[in-house]
$ cat query-v5.cif   # mmCIF, C-alpha atoms
data_protein
#
loop_
_atom_site.label_atom_id
_atom_site.label_comp_id
_atom_site.auth_asym_id
_atom_site.auth_seq_id
_atom_site.Cartn_x
_atom_site.Cartn_y
_atom_site.Cartn_z
CA MET A 912 0.39 40.25 9.83
CA THR A 913 0.95 38.17 12.96
CA ALA A 914 4.17 36.25 13.52
CA PHE A 915 2.32 32.98 12.90
CA GLN A 916 0.94 34.16 9.55
CA THR A 917 4.25 35.62 8.44
CA LEU A 918 6.22 32.51 9.32
CA SER A 919 3.64 30.23 7.73
CA LEU A 920 3.72 32.20 4.49
CA ALA A 921 7.53 32.24 4.46
CA MET A 922 7.72 28.48 5.06
CA PHE A 923 5.12 27.79 2.38
CA LYS A 924 7.01 29.89 -0.18
CA GLY A 925 10.24 28.14 0.74
CA PHE A 926 8.55 24.78 0.26
CA VAL A 927 7.03 25.45 -3.17
CA ARG A 928 10.25 27.07 -4.45
CA ASP A 929 12.35 24.03 -3.59
CA LYS A 930 12.00 21.74 -6.62
CA ALA A 931 13.83 18.84 -4.95
CA THR A 932 11.47 18.97 -1.96
CA LEU A 933 8.44 19.03 -4.24
CA PHE A 934 9.75 16.01 -6.13
CA PHE A 935 10.44 13.88 -3.06
CA THR A 936 7.18 14.95 -1.41
CA PHE A 937 4.77 14.31 -4.26
CA VAL A 938 6.39 12.64 -7.26
CA PHE A 939 8.73 10.15 -5.58
CA PRO A 940 6.16 8.30 -3.41
CA LEU A 941 3.61 8.55 -6.23
CA LEU A 942 6.04 6.69 -8.50
CA PHE A 943 5.90 3.71 -6.12
CA LEU A 944 2.11 3.72 -6.27
CA VAL A 945 2.08 3.86 -10.07
CA ILE A 946 4.82 1.22 -10.54
CA PHE A 947 3.41 -1.28 -8.03
CA GLY A 948 -0.14 -0.55 -9.16
CA LEU A 949 0.69 -1.31 -12.79
CA ILE A 950 2.74 -4.41 -11.97
CA LEU A 951 0.14 -5.92 -9.65
CA ARG A 952 -2.97 -4.65 -11.43
CA ASP A 953 -3.93 -7.99 -12.99
CA VAL A 954 -2.72 -10.29 -10.21
CA GLY A 955 -5.24 -13.12 -9.76
CA ALA A 956 -7.35 -12.01 -12.71
CA ASP A 957 -6.04 -14.43 -15.34
CA LYS A 958 -7.94 -17.63 -16.18
CA THR A 959 -6.08 -20.93 -16.44
CA LYS A 960 -5.32 -21.65 -20.08
CA ILE A 961 -5.49 -25.30 -21.21
CA ALA A 962 -5.26 -27.06 -24.56
CA LEU A 963 -8.48 -28.40 -26.09
CA VAL A 964 -8.99 -31.18 -28.64
CA GLY A 965 -12.56 -31.98 -29.69
CA ASP A 966 -15.99 -30.63 -28.82
CA GLY A 967 -19.28 -31.65 -27.23
CA PRO A 968 -21.61 -30.96 -24.29
CA ILE A 969 -18.80 -31.29 -21.72
CA VAL A 970 -16.74 -28.65 -23.54
CA ALA A 971 -19.82 -26.41 -23.81
CA ALA A 972 -20.46 -26.74 -20.07
CA LEU A 973 -16.84 -25.90 -19.27
CA LYS A 974 -16.97 -22.86 -21.54
CA ASP A 975 -20.15 -21.70 -19.83
CA SER A 976 -18.49 -22.01 -16.43
CA GLY A 977 -15.85 -19.47 -17.45
CA ALA A 978 -13.20 -21.33 -15.45
CA PHE A 979 -10.76 -21.84 -18.33
CA GLU A 980 -9.33 -20.17 -21.35
CA PHE A 981 -9.06 -22.73 -24.16
CA GLU A 982 -6.37 -23.05 -26.80
CA SER A 983 -7.84 -25.29 -29.50
CA TYR A 984 -5.92 -27.98 -31.39
CA THR A 985 -6.95 -30.52 -34.00
CA ASP A 986 -4.06 -32.88 -33.24
CA GLU A 987 -3.92 -34.58 -29.84
CA SER A 988 -0.14 -35.06 -29.96
CA ALA A 989 0.40 -31.33 -30.55
CA ALA A 990 -1.81 -30.47 -27.56
CA VAL A 991 -0.03 -32.96 -25.28
CA GLN A 992 3.34 -31.65 -26.46
CA LYS A 993 2.40 -28.17 -25.19
CA VAL A 994 1.90 -29.73 -21.77
CA LYS A 995 5.20 -31.61 -21.95
CA ASP A 996 6.99 -28.42 -22.93
CA GLY A 997 5.60 -26.70 -19.84
CA ASP A 998 3.65 -24.11 -21.84
CA LEU A 999 0.25 -25.25 -20.56
CA PRO A 1000 -0.74 -27.07 -17.35
CA ALA A 1001 -3.16 -29.52 -19.01
CA ALA A 1002 -4.80 -30.67 -22.21
CA LEU A 1003 -8.46 -31.69 -22.48
CA VAL A 1004 -9.09 -34.36 -25.12
CA VAL A 1005 -12.74 -35.16 -25.99
CA ARG A 1006 -13.59 -38.06 -28.32
CA GLY A 1007 -17.34 -38.61 -28.35
CA GLN A 1008 -18.25 -39.69 -24.81
CA GLN A 1009 -14.63 -40.20 -23.72
CA VAL A 1010 -13.11 -37.25 -21.85
CA ASP A 1011 -9.40 -37.41 -21.04
CA VAL A 1012 -7.15 -34.91 -19.27
CA ARG A 1013 -3.40 -34.90 -19.82
CA TYR A 1014 -1.83 -32.78 -17.09
CA ALA A 1015 1.63 -31.65 -16.06
CA GLN A 1016 2.92 -33.48 -13.02
CA SER A 1017 5.21 -30.60 -12.06
CA ASP A 1018 2.42 -27.99 -11.80
CA GLN A 1019 0.35 -29.68 -9.12
CA VAL A 1020 -1.73 -26.67 -8.11
CA LYS A 1021 -3.09 -25.84 -11.57
CA SER A 1022 -3.35 -29.50 -12.50
CA ALA A 1023 -5.46 -30.24 -9.42
CA THR A 1024 -7.70 -27.29 -10.27
CA VAL A 1025 -8.20 -28.52 -13.84
CA LEU A 1026 -8.90 -32.11 -12.73
CA GLY A 1027 -11.36 -31.01 -10.06
CA ILE A 1028 -13.39 -28.76 -12.37
CA VAL A 1029 -13.47 -31.19 -15.28
CA ASN A 1030 -14.36 -34.12 -13.01
CA GLY A 1031 -17.19 -32.10 -11.45
CA VAL A 1032 -18.68 -31.20 -14.85
CA VAL A 1033 -18.42 -34.82 -16.07
CA ASP A 1034 -20.10 -36.16 -12.89
CA LYS A 1035 -22.90 -33.63 -13.24
CA ALA A 1036 -23.44 -34.61 -16.88
CA ASN A 1037 -23.48 -38.33 -15.98
CA LEU A 1038 -26.08 -37.73 -13.29
CA ALA A 1039 -28.25 -35.74 -15.68
CA ALA A 1040 -28.01 -38.55 -18.26
CA THR A 1041 -29.46 -41.09 -15.83
CA GLY A 1042 -32.61 -39.05 -15.29
CA GLN A 1043 -32.47 -39.79 -11.56
CA PRO A 1044 -32.91 -37.03 -8.96
CA PRO A 1045 -29.73 -36.25 -7.02
CA HIS A 1046 -29.38 -38.02 -3.68
CA PHE A 1047 -27.35 -35.17 -2.17
CA THR A 1048 -27.91 -31.47 -2.70
CA PHE A 1049 -25.17 -28.90 -2.97
CA GLY A 1050 -25.46 -25.18 -2.36
CA ALA A 1051 -22.96 -22.34 -2.77
CA GLU A 1052 -23.11 -18.58 -2.39
CA LYS A 1053 -20.60 -15.77 -2.55
CA VAL A 1054 -19.30 -14.38 0.74
CA GLU A 1055 -17.63 -10.99 0.93
CA ASP A 1056 -14.21 -11.61 2.43
CA ALA A 1057 -11.56 -9.26 3.78
CA SER A 1058 -9.07 -9.80 0.96
CA LEU A 1059 -8.05 -6.74 -1.03
CA LYS A 1060 -6.96 -6.04 -4.56
CA PRO A 1061 -3.33 -4.88 -4.69
CA ILE A 1062 -4.24 -1.22 -5.31
CA GLN A 1063 -6.61 -1.31 -2.31
CA TYR A 1064 -3.73 -2.37 -0.09
CA LEU A 1065 -0.98 -0.28 -1.67
CA THR A 1066 -2.70 3.12 -1.63
CA PRO A 1067 -3.17 3.52 2.16
CA GLY A 1068 0.29 2.11 2.90
CA ILE A 1069 2.27 4.18 0.39
CA LEU A 1070 0.23 7.27 1.26
CA SER A 1071 1.09 6.84 4.95
CA TRP A 1072 4.74 6.36 4.05
CA GLY A 1073 4.68 9.48 1.86
CA ILE A 1074 3.18 11.49 4.73
CA ALA A 1075 5.87 10.19 7.09
CA VAL A 1076 8.71 11.03 4.67
CA SER A 1077 7.38 14.53 4.04
CA ALA A 1078 6.84 15.34 7.73
CA VAL A 1079 10.14 13.90 9.00
CA PHE A 1080 12.35 15.36 6.29
CA GLY A 1081 10.48 18.67 6.21
CA SER A 1082 10.85 19.39 9.91
CA ALA A 1083 14.35 17.92 10.33
CA LEU A 1084 15.97 19.65 7.36
CA THR A 1085 14.23 22.96 8.06
CA LEU A 1086 15.40 22.95 11.68
CA VAL A 1087 19.01 22.11 10.79
CA SER A 1088 19.13 24.62 7.94
CA TRP A 1089 17.72 27.43 10.03
CA ARG A 1090 20.12 26.68 12.87
CA ARG A 1091 23.16 26.69 10.58
CA LYS A 1092 22.07 29.93 8.88
CA GLN A 1093 21.41 31.61 12.25
CA VAL A 1094 17.71 32.03 11.40
CA LEU A 1095 16.68 30.38 14.67
CA ARG A 1096 18.93 32.75 16.62
CA ARG A 1097 17.33 35.76 14.95
CA ILE A 1098 13.88 34.39 15.68
CA GLN A 1099 14.90 33.83 19.30
CA LEU A 1100 15.96 37.46 19.61
CA ALA A 1101 12.80 38.68 17.89
CA PRO A 1102 9.44 38.97 19.68
CA VAL A 1103 8.36 35.58 18.31
CA SER A 1104 7.54 32.58 20.49
CA ALA A 1105 8.82 29.08 19.81
CA THR A 1106 5.18 27.99 19.64
CA SER A 1107 4.57 30.28 16.67
CA VAL A 1108 7.60 28.88 14.86
CA LEU A 1109 6.64 25.24 15.39
CA SER A 1110 2.92 25.68 14.78
CA SER A 1111 3.51 27.55 11.52
CA ARG A 1112 5.83 24.82 10.21
CA LEU A 1113 3.38 22.17 11.38
CA MET A 1114 0.51 23.88 9.59
CA VAL A 1115 2.47 23.83 6.33
CA SER A 1116 3.19 20.12 6.83
CA ALA A 1117 -0.49 19.41 7.52
CA GLY A 1118 -1.54 21.30 4.39
CA VAL A 1119 1.01 19.38 2.31
CA ALA A 1120 -0.30 16.09 3.78
CA LEU A 1121 -3.86 16.91 2.75
CA VAL A 1122 -2.72 17.71 -0.79
CA GLN A 1123 -0.71 14.46 -0.86
CA GLY A 1124 -3.77 12.51 0.22
CA ALA A 1125 -5.97 14.09 -2.46
CA ILE A 1126 -3.40 13.41 -5.21
CA PHE A 1127 -2.79 9.81 -4.13
CA VAL A 1128 -6.48 8.94 -3.92
CA GLY A 1129 -7.20 10.75 -7.18
CA VAL A 1130 -4.49 8.87 -9.10
CA ALA A 1131 -5.34 5.48 -7.54
CA SER A 1132 -9.04 5.99 -8.35
CA LEU A 1133 -8.35 6.28 -12.08
CA PRO A 1134 -9.82 3.40 -14.16
CA LEU A 1135 -6.25 2.29 -14.87
CA PHE A 1136 -5.85 1.29 -11.20
CA GLY A 1137 -9.42 1.03 -9.90
CA LEU A 1138 -9.21 2.07 -6.23
CA GLN A 1139 -12.61 1.81 -4.56
CA LEU A 1140 -13.09 3.92 -1.44
CA SER A 1141 -15.32 2.87 1.43
CA GLY A 1142 -18.37 4.87 2.46
CA GLN A 1143 -16.52 6.39 5.44
CA TRP A 1144 -13.26 7.20 3.67
CA TRP A 1145 -13.31 10.72 5.15
CA LEU A 1146 -12.34 9.22 8.53
CA ALA A 1147 -8.85 8.90 7.06
CA ILE A 1148 -8.43 12.70 7.25
CA PRO A 1149 -8.02 12.97 11.07
CA LEU A 1150 -5.72 9.95 11.03
CA LEU A 1151 -3.68 11.56 8.26
CA LEU A 1152 -3.32 14.75 10.33
CA LEU A 1153 -2.38 12.84 13.49
CA GLY A 1154 0.24 10.94 11.53
CA THR A 1155 1.63 14.22 10.22
CA VAL A 1156 1.99 15.56 13.76
CA ALA A 1157 3.62 12.33 14.98
CA PHE A 1158 6.22 12.22 12.23
CA PHE A 1159 6.75 15.98 12.44
CA ALA A 1160 7.75 15.42 16.08
CA LEU A 1161 10.10 12.64 14.96
CA GLY A 1162 11.66 15.02 12.45
CA MET A 1163 12.11 17.62 15.19
CA LEU A 1164 13.95 15.02 17.26
CA VAL A 1165 16.26 14.23 14.33
CA GLY A 1166 16.81 17.92 13.62
CA SER A 1167 17.60 18.63 17.27
CA PHE A 1168 20.81 16.57 17.32
CA ALA A 1169 21.87 16.58 13.63
CA LYS A 1170 24.60 19.10 12.81
CA THR A 1171 24.23 19.27 9.01
CA GLU A 1172 21.54 18.75 6.40
CA GLU A 1173 23.40 15.65 5.18
CA ALA A 1174 23.43 14.16 8.68
CA ALA A 1175 19.74 14.98 9.15
CA SER A 1176 18.85 13.36 5.82
CA ALA A 1177 20.86 10.23 6.63
CA ALA A 1178 19.35 9.92 10.12
CA ALA A 1179 15.83 10.42 8.75
CA ASN A 1180 16.41 7.71 6.14
CA ILE A 1181 17.72 5.31 8.77
CA VAL A 1182 14.52 5.83 10.75
CA VAL A 1183 11.85 6.02 8.03
CA LEU A 1184 13.00 3.51 5.40
CA PRO A 1185 13.30 0.40 7.62
CA MET A 1186 10.06 1.43 9.32
CA ALA A 1187 8.30 1.42 5.94
CA PHE A 1188 9.34 -2.15 5.14
CA LEU A 1189 8.61 -3.44 8.65
CA SER A 1190 5.21 -1.72 8.87
CA GLY A 1191 3.56 -3.35 5.86
CA THR A 1192 3.81 -0.37 3.52
CA PHE A 1193 4.69 -2.36 0.39
CA PHE A 1194 3.64 -5.89 1.38
CA PRO A 1195 1.54 -7.46 4.17
CA VAL A 1196 3.35 -8.49 7.34
CA ASP A 1197 0.60 -10.87 8.44
CA GLN A 1198 2.52 -13.85 7.06
CA ALA A 1199 5.83 -12.74 8.55
CA PRO A 1200 7.34 -14.55 11.57
CA ALA A 1201 5.67 -13.81 14.89
CA TRP A 1202 8.67 -11.92 16.24
CA LEU A 1203 8.73 -9.64 13.19
CA GLN A 1204 5.02 -8.90 13.56
CA ALA A 1205 5.63 -8.00 17.19
CA VAL A 1206 8.48 -5.68 16.24
CA SER A 1207 6.38 -3.99 13.56
CA LYS A 1208 3.73 -3.08 16.14
CA ALA A 1209 6.30 -0.92 17.92
CA PHE A 1210 6.36 1.47 14.95
CA PRO A 1211 3.78 4.26 14.60
CA LEU A 1212 3.72 3.78 10.82
CA ARG A 1213 2.35 0.25 11.27
CA HIS A 1214 -0.65 1.56 13.20
CA MET A 1215 -1.16 4.45 10.79
CA ASN A 1216 -1.12 1.96 7.90
CA ASP A 1217 -3.66 -0.29 9.63
CA GLY A 1218 -5.95 2.60 10.47
CA MET A 1219 -5.83 4.09 6.98
CA LEU A 1220 -6.52 0.66 5.50
CA ASP A 1221 -9.53 0.09 7.76
CA VAL A 1222 -11.31 3.39 7.11
CA LEU A 1223 -10.17 4.10 3.56
CA VAL A 1224 -11.01 0.78 1.88
CA ARG A 1225 -12.33 -1.75 4.42
CA GLY A 1226 -15.37 0.33 5.35
CA LYS A 1227 -14.83 0.33 9.11
CA GLY A 1228 -16.16 3.13 11.29
CA VAL A 1229 -14.77 5.50 13.88
CA GLU A 1230 -13.99 2.61 16.24
CA ALA A 1231 -11.16 1.62 13.91
CA LEU A 1232 -9.44 4.94 14.70
CA LEU A 1233 -9.24 4.48 18.44
CA LEU A 1234 -6.12 2.33 18.64
CA PRO A 1235 -4.02 3.97 15.88
CA ALA A 1236 -5.02 7.47 17.00
CA SER A 1237 -4.12 6.72 20.62
CA ILE A 1238 -0.74 5.31 19.63
CA LEU A 1239 0.04 8.24 17.35
CA VAL A 1240 -0.89 10.76 20.05
CA GLY A 1241 1.16 8.93 22.67
CA PHE A 1242 4.12 8.68 20.29
CA THR A 1243 3.87 12.41 19.55
CA LEU A 1244 3.88 13.37 23.24
CA VAL A 1245 6.87 11.20 24.11
CA VAL A 1246 9.00 12.17 21.11
CA ALA A 1247 8.09 15.86 21.38
CA LEU A 1248 9.11 15.84 25.05
CA VAL A 1249 12.49 14.30 24.24
CA ALA A 1250 13.01 16.72 21.33
CA SER A 1251 12.24 19.72 23.53
CA ARG A 1252 14.88 18.59 26.04
CA ILE A 1253 17.70 18.46 23.49
CA PHE A 1254 16.55 21.32 21.25
CA LYS A 1255 19.15 24.04 20.59
CA TRP A 1256 18.57 27.44 19.04
CA GLU A 1257 22.14 27.63 17.72
CA GLU A 1258 25.18 25.42 17.24
#

$ encode --input "query-v5.cif" --output "C-alpha cells"
Amino acid sequence: MTAFQTLSLAMFKGFVRDKATLFFTFVFPLLFLVIFGLILRDVGADKTKIALVGDGPIVAALKDSGAFEFESYTDESAAVQKVKDGDLPAALVVRGQQVDVRYAQSDQVKSATVLGIVNGVVDKANLAATGQPPHFTFGAEKVEDASLKPIQYLTPGILSWGIAVSAVFGSALTLVSWRRKQVLRRIQLAPVSATSVLSSRLMVSAGVALVQGAIFVGVASLPLFGLQLSGQWWLAIPLLLLGTVAFFALGMLVGSFAKTEEAASAAANIVVLPMAFLSGTFFPVDQAPAWLQAVSKAFPLRHMNDGMLDVLVRGKGVEALLLPASILVGFTLVVALVASRIFKWEE
C-alpha cells in the first residue's frame, strides 16, 4: 500500500475507535437539530382561539374562513371572564343580527387581528344583504415568499457548524497528539511526505463531512420535522467539501501552536463557538445591529451558512455558490499559509 493509503486507513481506524470523537462529531450537533426542531416545529402554525357565544351566518362564515379556533360557551359572562382572565384574546357574542366582540386591551396584536377579520366578514354579509353590486373590487392571491420554516433554516446552519467543529477539532487534536507522541517525528524520518500526511487526514475529514451531511438531511427530512429540499440540493456537496477544507486549515493553525490536547480543545472552542452564534447558525442575524452583521460577514461560517441555505432549501442555482466558495477558498489559502509558517514536527 502507498503511504497515502496506509495513513488514511490508520486515521480512519483511529477515528471510528474513538467513541468520544464519534459522539461529538455526529450525535452532539444532531442533538441541537432534534431539540430545536422539536421546539420550533409548530411555530406559527396555531390558530387564534377565541370564545364564542351564539350561532348564525356570521359564525358559519368565520368557521369557513378557518381563521379561528372557537371555544363555545352558552353564558356570555363566562366567555367574557375568560378574556378578563387573560386566557383568550377575545370573545365573539352573536345575538340574532347583533355581533359583538369583547377583546383584551393588553393583547393588541391578536385583538386587532380578531377585530379586522370579524369586521370584514360582517361588512361582506351586510353588502350581500342589500343585493347591490360592490362598488369596489378586491383581489388577493398567494405569493411565494422567502420566509422559511424553522427546520428549513436550522438544518443548513447546524450542519455547517457540525462540519466546522469536526474539521477543526479533528485536525487540531490529531496534530497535537501526534506531535506529543513523537508520531510526527517518526513520519518525518520515514520516506513519507508532509503532503501525504495532510491529504490523508483531509480525506478522512471530507468523508466524515459527507456522512454528517447525509445523516443530518435524513433526520431532518423525517415527517416529524418535515425538511423539504430544493431541486438543486446536490450543489451543497461542493460547498460542504470546501467548508471542510477551510476549517481543516483552521484546525491545523490551532494545532500548530497548541502544546497540549487540552489547549488545542480550548483554543478551538474559543474560535468555533462564538463564530457559530455570530454567523446565524441557531438564529438569523438579519435583524441584528448593523455593526454585528458586518462583523459576522468576516467569518467563513457565515458565508458557508448562507450558501448552504441558498442551495439546500431556497432553490438557488450555481450562482449562489460563487461568493461563499470564493471566500472559503481565500480563507483556506491564507490560513494554510500561516499554519505552514509556524508548523513544527516536534516540541

$ resolve_selection --input "query-v5.cif" --expression "the PyMOL selection byres ((chain A and resi 1062-1070) around 9)" --output "ChimeraX atom specification"
/A:940-941,943-944,947-949,951-952,1059-1061,1071-1075,1123-1124,1127-1128,1131,1136-1140,1187,1190-1195,1212-1213,1215-1220,1223-1225

$ write_last_selection --input "query-v5.cif" --atoms "C-alpha atoms" --output "JSON list (two decimals), keeping the file's coordinate frame"
[["chain", "number", "residue", "atom", "x", "y", "z"],
["A", 940, "PRO", "CA", 6.16, 8.30, -3.41],
["A", 941, "LEU", "CA", 3.61, 8.55, -6.23],
["A", 943, "PHE", "CA", 5.90, 3.71, -6.12],
["A", 944, "LEU", "CA", 2.11, 3.72, -6.27],
["A", 947, "PHE", "CA", 3.41, -1.28, -8.03],
["A", 948, "GLY", "CA", -0.14, -0.55, -9.16],
["A", 949, "LEU", "CA", 0.69, -1.31, -12.79],
["A", 951, "LEU", "CA", 0.14, -5.92, -9.65],
["A", 952, "ARG", "CA", -2.97, -4.65, -11.43],
["A", 1059, "LEU", "CA", -8.05, -6.74, -1.03],
["A", 1060, "LYS", "CA", -6.96, -6.04, -4.56],
["A", 1061, "PRO", "CA", -3.33, -4.88, -4.69],
["A", 1071, "SER", "CA", 1.09, 6.84, 4.95],
["A", 1072, "TRP", "CA", 4.74, 6.36, 4.05],
["A", 1073, "GLY", "CA", 4.68, 9.48, 1.86],
["A", 1074, "ILE", "CA", 3.18, 11.49, 4.73],
["A", 1075, "ALA", "CA", 5.87, 10.19, 7.09],
["A", 1123, "GLN", "CA", -0.71, 14.46, -0.86],
["A", 1124, "GLY", "CA", -3.77, 12.51, 0.22],
["A", 1127, "PHE", "CA", -2.79, 9.81, -4.13],
["A", 1128, "VAL", "CA", -6.48, 8.94, -3.92],
["A", 1131, "ALA", "CA", -5.34, 5.48, -7.54],
["A", 1136, "PHE", "CA", -5.85, 1.29, -11.20],
["A", 1137, "GLY", "CA", -9.42, 1.03, -9.90],
["A", 1138, "LEU", "CA", -9.21, 2.07, -6.23],
["A", 1139, "GLN", "CA", -12.61, 1.81, -4.56],
["A", 1140, "LEU", "CA", -13.09, 3.92, -1.44],
["A", 1187, "ALA", "CA", 8.30, 1.42, 5.94],
["A", 1190, "SER", "CA", 5.21, -1.72, 8.87],
["A", 1191, "GLY", "CA", 3.56, -3.35, 5.86],
["A", 1192, "THR", "CA", 3.81, -0.37, 3.52],
["A", 1193, "PHE", "CA", 4.69, -2.36, 0.39],
["A", 1194, "PHE", "CA", 3.64, -5.89, 1.38],
["A", 1195, "PRO", "CA", 1.54, -7.46, 4.17],
["A", 1212, "LEU", "CA", 3.72, 3.78, 10.82],
["A", 1213, "ARG", "CA", 2.35, 0.25, 11.27],
["A", 1215, "MET", "CA", -1.16, 4.45, 10.79],
["A", 1216, "ASN", "CA", -1.12, 1.96, 7.90],
["A", 1217, "ASP", "CA", -3.66, -0.29, 9.63],
["A", 1218, "GLY", "CA", -5.95, 2.60, 10.47],
["A", 1219, "MET", "CA", -5.83, 4.09, 6.98],
["A", 1220, "LEU", "CA", -6.52, 0.66, 5.50],
["A", 1223, "LEU", "CA", -10.17, 4.10, 3.56],
["A", 1224, "VAL", "CA", -11.01, 0.78, 1.88],
["A", 1225, "ARG", "CA", -12.33, -1.75, 4.42]]

$ closest_residue --input "query-v5.cif" --among "A:Leu1086, A:Ala1015, A:Ala962, A:Thr1041" --to "A:Ala1002" --atoms "all atoms listed in the file"
A:Ala962

$ atom_distance --input "query-v5.cif" --atom1 "atom CA of A:Ala1101" --atom2 "atom CA of A:Ala1169"
24.3 Å

$ atom_distance --input "query-v5.cif" --atom1 "atom CA of A:Gly1162" --atom2 "atom CA of A:Ser1111"
15.0 Å

$ residues_around --input "query-v5.cif" --residues "A:Lys1170" --least-positions-apart "5" --cutoff "10 Å" --atoms "all atoms listed in the file" --output "list in words"
Val1087, Ser1088, Arg1090, Arg1091, Val1165, Ala1175 and Glu1258 of chain A

$ write_last_selection --input "query-v5.cif" --atoms "C-alpha atoms" --output "short mmCIF file (atom, residue, chain, number, x, y, z; two decimals), keeping the file's coordinate frame"
data_model
loop_
_atom_site.label_atom_id
_atom_site.label_comp_id
_atom_site.auth_asym_id
_atom_site.auth_seq_id
_atom_site.Cartn_x
_atom_site.Cartn_y
_atom_site.Cartn_z
CA VAL A 1087 19.01 22.11 10.79
CA SER A 1088 19.13 24.62 7.94
CA ARG A 1090 20.12 26.68 12.87
CA ARG A 1091 23.16 26.69 10.58
CA VAL A 1165 16.26 14.23 14.33
CA ALA A 1175 19.74 14.98 9.15
CA GLU A 1258 25.18 25.42 17.24
#

$ residues_around --input "query-v5.cif" --residues "A:Ser976" --least-positions-apart "5" --cutoff "12 Å" --atoms "all atoms listed in the file" --output "short mmCIF file (atom, residue, chain, number, x, y, z; two decimals) with C-alpha atoms, in the coordinates of the input"
data_model
loop_
_atom_site.label_atom_id
_atom_site.label_comp_id
_atom_site.auth_asym_id
_atom_site.auth_seq_id
_atom_site.Cartn_x
_atom_site.Cartn_y
_atom_site.Cartn_z
CA LYS A 958 -7.94 -17.63 -16.18
CA ILE A 969 -18.80 -31.29 -21.72
CA VAL A 970 -16.74 -28.65 -23.54
CA ALA A 971 -19.82 -26.41 -23.81
CA ILE A 1028 -13.39 -28.76 -12.37
CA VAL A 1029 -13.47 -31.19 -15.28
CA GLY A 1031 -17.19 -32.10 -11.45
CA VAL A 1032 -18.68 -31.20 -14.85
#

$ closest_residue --input "query-v5.cif" --among "A:Gly1129, A:Leu920, A:Ser1082, A:Val1229" --to "A:Pro1149" --atoms "all atoms listed in the file"
A:Val1229

$ residues_near_point --input "query-v5.cif" --point "(20.3, 31.0, 14.9)" --cutoff "9 Å" --atoms "all atoms listed in the file" --output "PDB file with C-alpha atoms, in the frame of the given file"
ATOM      1  CA  TRP A1089      17.720  27.430  10.030  1.00  0.00           C
ATOM      2  CA  ARG A1090      20.120  26.680  12.870  1.00  0.00           C
ATOM      3  CA  ARG A1091      23.160  26.690  10.580  1.00  0.00           C
ATOM      4  CA  LYS A1092      22.070  29.930   8.880  1.00  0.00           C
ATOM      5  CA  GLN A1093      21.410  31.610  12.250  1.00  0.00           C
ATOM      6  CA  VAL A1094      17.710  32.030  11.400  1.00  0.00           C
ATOM      7  CA  LEU A1095      16.680  30.380  14.670  1.00  0.00           C
ATOM      8  CA  ARG A1096      18.930  32.750  16.620  1.00  0.00           C
ATOM      9  CA  ARG A1097      17.330  35.760  14.950  1.00  0.00           C
ATOM     10  CA  ILE A1098      13.880  34.390  15.680  1.00  0.00           C
ATOM     11  CA  GLN A1099      14.900  33.830  19.300  1.00  0.00           C
ATOM     12  CA  TRP A1256      18.570  27.440  19.040  1.00  0.00           C
ATOM     13  CA  GLU A1257      22.140  27.630  17.720  1.00  0.00           C
ATOM     14  CA  GLU A1258      25.180  25.420  17.240  1.00  0.00           C
TER      15      GLU A1258
END

$ atom_distance --input "query-v5.cif" --atom1 "atom CA of A:Ala1177" --atom2 "atom CA of A:Val1076"
12.3 Å
